[in-house]
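Data block for entry_9.cif (mmCIF, C-alpha atoms):
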data_coords
#
loop_
_atom_site.label_atom_id
_atom_site.label_comp_id
_atom_site.auth_asym_id
_atom_site.auth_seq_id
_atom_site.Cartn_x
_atom_site.Cartn_y
_atom_site.Cartn_z
CA MET O 65 -17.75 37.36 1.10
CA GLU O 66 -14.05 37.32 0.26
CA THR O 67 -11.50 38.39 2.83
CA PRO O 68 -9.73 41.54 1.61
CA GLN O 69 -6.08 41.16 0.77
CA PRO O 70 -3.72 43.50 2.64
CA SER O 71 -3.29 45.76 -0.39
CA GLU O 72 -7.03 46.12 -1.13
CA PRO O 73 -8.73 49.20 0.35
CA LEU O 74 -11.65 48.45 2.67
CA SER O 75 -15.23 49.42 1.84
CA PHE O 76 -18.78 48.80 3.05
CA THR O 77 -22.36 49.32 1.89
CA VAL O 78 -25.43 49.99 4.04
CA SER O 79 -28.96 50.27 2.71
CA GLY O 80 -32.53 50.87 3.78
CA HIS O 81 -35.99 51.64 2.45
CA ILE O 82 -37.73 54.99 2.86
CA SER O 83 -41.41 55.51 2.09
CA LYS O 84 -40.84 58.52 -0.15
CA THR O 85 -40.07 58.90 -3.86
CA CYS O 86 -36.51 58.91 -5.22
CA HIS O 87 -36.92 62.62 -5.92
CA GLU O 88 -37.77 63.36 -2.28
CA VAL O 89 -35.00 61.15 -0.86
CA TYR O 90 -32.41 62.47 -3.32
CA GLY O 91 -33.41 66.00 -2.32
CA ALA O 92 -32.94 65.20 1.37
CA VAL O 93 -29.32 64.21 0.63
CA ALA O 94 -28.46 66.94 -1.90
CA ASP O 95 -30.07 69.91 -0.08
CA PRO O 96 -27.92 71.28 2.77
CA ASP O 97 -30.95 72.56 4.70
CA GLN O 98 -32.57 69.12 4.78
CA LEU O 99 -29.23 67.38 5.43
CA SER O 100 -28.78 69.58 8.49
CA PHE O 101 -31.99 68.22 10.06
CA TYR O 102 -30.98 64.56 10.20
CA PHE O 103 -27.23 64.24 9.48
CA THR O 104 -24.87 67.16 9.97
CA THR O 105 -25.46 68.03 13.62
CA GLY O 106 -23.45 71.24 13.18
CA GLY O 107 -24.91 72.14 9.77
CA ALA O 108 -24.20 71.70 6.08
CA LYS O 109 -23.17 74.35 3.57
CA GLY O 110 -23.55 74.01 -0.19
CA ARG O 111 -25.77 71.80 -2.32
CA LEU O 112 -24.27 68.45 -3.37
CA GLU O 113 -23.60 69.42 -6.99
CA VAL O 114 -20.41 69.02 -9.01
CA GLY O 115 -18.24 72.11 -8.52
CA ALA O 116 -20.10 73.41 -5.46
CA GLU O 117 -18.22 74.40 -2.32
CA VAL O 118 -19.59 72.01 0.29
CA THR O 119 -18.77 71.52 3.98
CA TRP O 120 -20.31 69.37 6.68
CA ASP O 121 -20.01 70.06 10.41
CA PHE O 122 -20.71 67.63 13.25
CA HIS O 123 -20.98 68.42 16.98
CA ASP O 124 -19.19 65.17 17.85
CA PHE O 125 -16.11 65.92 15.66
CA PRO O 126 -14.00 69.08 15.56
CA ASP O 127 -13.87 71.28 12.46
CA ARG O 128 -15.83 71.23 9.25
CA PHE O 129 -15.32 68.48 6.68
CA PRO O 130 -14.80 69.68 3.09
CA VAL O 131 -16.78 67.60 0.60
CA GLN O 132 -15.97 67.26 -3.12
CA VAL O 133 -18.88 66.21 -5.34
CA ILE O 134 -17.59 63.95 -8.12
CA GLN O 135 -20.88 62.97 -9.76
CA ASN O 136 -24.53 63.96 -9.41
CA ILE O 137 -27.31 62.27 -11.38
CA GLN O 138 -30.66 63.79 -10.36
CA ASP O 139 -32.78 61.35 -8.32
CA LYS O 140 -30.39 58.43 -9.01
CA LYS O 141 -26.86 58.88 -7.66
CA ILE O 142 -24.46 61.19 -5.83
CA VAL O 143 -20.73 60.42 -5.58
CA LEU O 144 -18.50 62.49 -3.32
CA LYS O 145 -15.13 62.46 -1.62
CA TRP O 146 -14.31 63.53 1.90
CA ALA O 147 -11.25 63.33 4.11
CA GLY O 148 -10.63 60.55 6.57
CA GLU O 149 -7.94 59.03 8.73
CA TRP O 150 -6.20 55.81 7.66
CA VAL O 151 -7.26 56.33 4.05
CA ALA O 152 -5.58 54.43 1.20
CA ALA O 153 -5.81 57.19 -1.46
CA ASP O 154 -2.90 59.58 -1.87
CA ASP O 155 -5.27 62.57 -1.60
CA GLY O 156 -6.44 61.40 1.87
CA MET O 157 -10.05 61.11 0.69
CA ASN O 158 -12.61 58.32 0.80
CA THR O 159 -15.35 57.96 -1.81
CA VAL O 160 -19.00 57.89 -0.74
CA THR O 161 -21.71 56.83 -3.20
CA PHE O 162 -25.43 57.33 -2.59
CA GLU O 163 -27.73 55.38 -4.90
CA PHE O 164 -31.51 55.85 -5.03
CA HIS O 165 -33.60 52.97 -6.41
CA PRO O 166 -37.39 53.17 -6.83
CA VAL O 167 -39.43 50.31 -5.34
CA ALA O 168 -43.15 49.60 -4.81
CA GLU O 169 -44.23 51.36 -8.00
CA ALA O 170 -41.85 54.25 -7.17
CA THR O 171 -43.65 55.10 -3.92
CA ARG O 172 -40.64 53.98 -1.87
CA THR O 173 -36.89 54.31 -2.31
CA LYS O 174 -34.09 51.91 -1.52
CA VAL O 175 -31.08 53.99 -0.51
CA LYS O 176 -27.63 52.41 -0.79
CA THR O 177 -24.67 54.19 0.78
CA THR O 178 -21.19 52.86 0.00
CA GLU O 179 -17.98 54.26 1.45
CA ALA O 180 -14.65 53.03 0.13
CA GLY O 181 -11.00 53.72 0.60
CA TRP O 182 -9.62 52.74 4.02
CA LEU O 183 -6.24 51.13 4.44
CA SER O 184 -6.38 47.40 5.09
CA THR O 185 -4.88 47.85 8.57
CA PRO O 186 -6.30 47.64 12.10
CA GLN O 187 -6.64 51.46 12.12
CA GLY O 188 -8.35 51.41 8.71
CA LEU O 189 -10.73 48.75 9.94
CA THR O 190 -11.57 50.89 12.99
CA GLY O 191 -12.26 53.86 10.71
CA ALA O 192 -14.44 51.79 8.37
CA PHE O 193 -16.47 50.32 11.24
CA GLY O 194 -16.97 53.77 12.75
CA ASN O 195 -18.23 55.26 9.50
CA CYS O 196 -20.38 52.19 8.81
CA GLU O 197 -22.06 52.83 12.15
CA GLY O 198 -22.45 56.50 11.21
CA TRP O 199 -24.02 55.86 7.80
CA THR O 200 -26.40 53.28 9.31
CA GLY O 201 -27.53 55.84 11.87
CA THR O 202 -27.86 58.43 9.12
CA LEU O 203 -30.17 56.21 7.08
CA ALA O 204 -32.36 55.61 10.14
CA ALA O 205 -32.41 59.32 10.96
CA MET O 206 -33.22 60.21 7.33
CA LYS O 207 -36.13 57.74 7.32
CA ILE O 208 -37.59 59.20 10.52
CA TRP O 209 -37.06 62.76 9.25
CA LEU O 210 -38.66 62.19 5.84
CA GLU O 211 -41.52 59.97 6.96
CA HIS O 212 -42.39 61.64 10.29
CA GLY O 213 -40.60 65.03 10.48
CA ILE O 214 -38.66 64.04 13.60
CA ASN O 215 -35.01 65.05 14.06
CA LEU O 216 -33.62 61.86 15.61
CA ARG O 217 -30.14 63.34 16.12
CA GLU O 218 -31.23 66.44 18.07
CA GLY O 219 -29.38 66.29 21.37
CA PHE O 220 -27.95 62.86 20.60
CA TYR O 221 -24.30 63.89 20.29
CA LYS O 222 -24.15 67.04 22.42
#

Hey, can you dump this file as structure tokens for me?
Amino acid sequence: METPQPSEPLSFTVSGHISKTCHEVYGAVADPDQLSFYFTTGGAKGRLEVGAEVTWDFHDFPDRFPVQVIQNIQDKKIVLKWAGEWVAADDGMNTVTFEFHPVAEATRTKVKTTEAGWLSTPQGLTGAFGNCEGWTGTLAAMKIWLEHGINLREGFYK
């Protein structure tokens, strides 16, 4: 792995396998009702579709986060932007990409989540590590929710 140069924005990718089809896993990310069970501890509003008004709320952070959906390819990919601190982009937004890859004769899905756009500074690194931790926890919570119907985050942050 190459060491980022000071001018290059920081990014990371986390991934995991879920024993559900791409259609089911994609739906769990795109649908605000499902997303609210394992990710947005304070609720989600709006389906992750281009042009939709979407917000995410978390008990462990103040205020709702506005989310802009940039691309949505049914069962394959969702690309969005959301605000962050210590972000390199002029609009103050990072880019998050969810990719859904079928495995095991399409009975399982490999989910890849990539977030990109932090400043290459100590503060940017702190922000990237924090969100990397968050997306890793989200993948684990999504797996438990989809495979076993358990809300892993209930009571975890509040």

On this file, the PyMOL selection byres ((chain O and resi 103-115) around 8) gives some set of residues; write that set as a ChimeraX atom specification. /O:93-97,99-102,116-123,132-136,142,202,205-206,217-218,221

Region 70-86 of chain O: which residues within 8 Å, counting only C-alpha atoms, same-chain residues fewer than 5 positions away excluded, as a PyMOL selection string? chain O and resi 139-140+152+164-166+170-185+188-189+192+196+199-200+203-204+207+210-211

Option closest in space to Tyr90 (chain O), from O:Glu197, O:Glu163, O:Asp155, O:Glu149 [counting all atoms listed in the file]: O:Glu163

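Straight-line separation from CA of Lys145 (chain O) to CA of Asn195 (chain O): 13.6 Å.
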
As AutoDock Vina command-line options, please report the centre and edge lengths, rounded to one decimal in Å, of the axis-aligned box that holds all listed atoms of region 169-174 of chain O with 5 Å of padding on each of the six sides.
--center_x -39.2 --center_y 53.2 --center_z -4.8 --size_x 20.1 --size_y 13.7 --size_z 16.5

Shortest interatomic distance to Pro186 (chain O) - which of O:Ala92, O:Trp150, O:Glu169, O:Trp209, counting all atoms listed in the file: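 Once distances to Pro186 (chain O) are computed over all atoms listed in the file, the minimum belongs to O:Trp150.
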
Given all atoms listed in the file as the basis, pick out the residue of O:Gln138, O:Phe162, O:Gln98, O:Gly148 nearest to Asn215 (chain O).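 Smallest separation from Asn215 (chain O) among the options: O:Gln98.
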
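Computed from the coordinates, the CA of Phe125 (chain O) to CA of Gly213 (chain O) distance equals 25.0 Å.
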
Residue with smallest distance to Asp127 (chain O) - pool O:Ala147, O:Ala153, O:Leu216, O:Lys141, counting all atoms listed in the file: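 Smallest separation from Asp127 (chain O) among the options: O:Ala147.
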
CA of Gly198 (chain O) to CA of Gly219 (chain O), distance in Å rounded to a single decimal: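 Computing the Euclidean distance for CA of Gly198 (chain O) and CA of Gly219 (chain O) yields 15.7 Å.
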
Could N, CA and C atoms be built for region 111-125 of chain O and written out as a PDB file, in the coordinates of the input?
ATOM      1  N   ARG O 111     -25.003  72.910  -1.751  1.00  0.00           N
ATOM      2  CA  ARG O 111     -25.770  71.800  -2.320  1.00  0.00           C
ATOM      3  C   ARG O 111     -24.810  70.792  -2.950  1.00  0.00           C
ATOM      4  N   LEU O 112     -25.130  69.501  -2.830  1.00  0.00           N
ATOM      5  CA  LEU O 112     -24.270  68.450  -3.370  1.00  0.00           C
ATOM      6  C   LEU O 112     -24.384  68.400  -4.894  1.00  0.00           C
ATOM      7  N   GLU O 113     -23.675  69.338  -5.537  1.00  0.00           N
ATOM      8  CA  GLU O 113     -23.600  69.420  -6.990  1.00  0.00           C
ATOM      9  C   GLU O 113     -22.132  69.522  -7.378  1.00  0.00           C
ATOM     10  N   VAL O 114     -21.793  68.973  -8.533  1.00  0.00           N
ATOM     11  CA  VAL O 114     -20.410  69.020  -9.010  1.00  0.00           C
ATOM     12  C   VAL O 114     -19.960  70.477  -9.085  1.00  0.00           C
ATOM     13  N   GLY O 115     -18.809  70.764  -8.499  1.00  0.00           N
ATOM     14  CA  GLY O 115     -18.240  72.110  -8.520  1.00  0.00           C
ATOM     15  C   GLY O 115     -18.663  73.005  -7.377  1.00  0.00           C
ATOM     16  N   ALA O 116     -19.639  72.585  -6.581  1.00  0.00           N
ATOM     17  CA  ALA O 116     -20.100  73.410  -5.460  1.00  0.00           C
ATOM     18  C   ALA O 116     -19.113  73.331  -4.305  1.00  0.00           C
ATOM     19  N   GLU O 117     -19.026  74.412  -3.532  1.00  0.00           N
ATOM     20  CA  GLU O 117     -18.220  74.400  -2.320  1.00  0.00           C
ATOM     21  C   GLU O 117     -19.109  73.877  -1.195  1.00  0.00           C
ATOM     22  N   VAL O 118     -18.759  72.696  -0.683  1.00  0.00           N
ATOM     23  CA  VAL O 118     -19.590  72.010   0.290  1.00  0.00           C
ATOM     24  C   VAL O 118     -18.778  71.706   1.544  1.00  0.00           C
ATOM     25  N   THR O 119     -19.379  71.938   2.708  1.00  0.00           N
ATOM     26  CA  THR O 119     -18.770  71.520   3.980  1.00  0.00           C
ATOM     27  C   THR O 119     -19.852  70.939   4.875  1.00  0.00           C
ATOM     28  N   TRP O 120     -19.432  69.979   5.676  1.00  0.00           N
ATOM     29  CA  TRP O 120     -20.310  69.370   6.680  1.00  0.00           C
ATOM     30  C   TRP O 120     -19.670  69.560   8.040  1.00  0.00           C
ATOM     31  N   ASP O 121     -20.483  69.855   9.046  1.00  0.00           N
ATOM     32  CA  ASP O 121     -20.010  70.060  10.410  1.00  0.00           C
ATOM     33  C   ASP O 121     -20.795  69.138  11.339  1.00  0.00           C
ATOM     34  N   PHE O 122     -20.093  68.556  12.307  1.00  0.00           N
ATOM     35  CA  PHE O 122     -20.710  67.630  13.250  1.00  0.00           C
ATOM     36  C   PHE O 122     -20.315  68.038  14.666  1.00  0.00           C
ATOM     37  N   HIS O 123     -21.270  68.062  15.594  1.00  0.00           N
ATOM     38  CA  HIS O 123     -20.980  68.420  16.980  1.00  0.00           C
ATOM     39  C   HIS O 123     -20.008  67.441  17.635  1.00  0.00           C
ATOM     40  N   ASP O 124     -20.024  66.186  17.200  1.00  0.00           N
ATOM     41  CA  ASP O 124     -19.190  65.170  17.850  1.00  0.00           C
ATOM     42  C   ASP O 124     -17.783  65.067  17.259  1.00  0.00           C
ATOM     43  N   PHE O 125     -17.458  65.889  16.247  1.00  0.00           N
ATOM     44  CA  PHE O 125     -16.110  65.920  15.660  1.00  0.00           C
ATOM     45  C   PHE O 125     -15.701  67.376  15.496  1.00  0.00           C
TER      46      PHE O 125
END
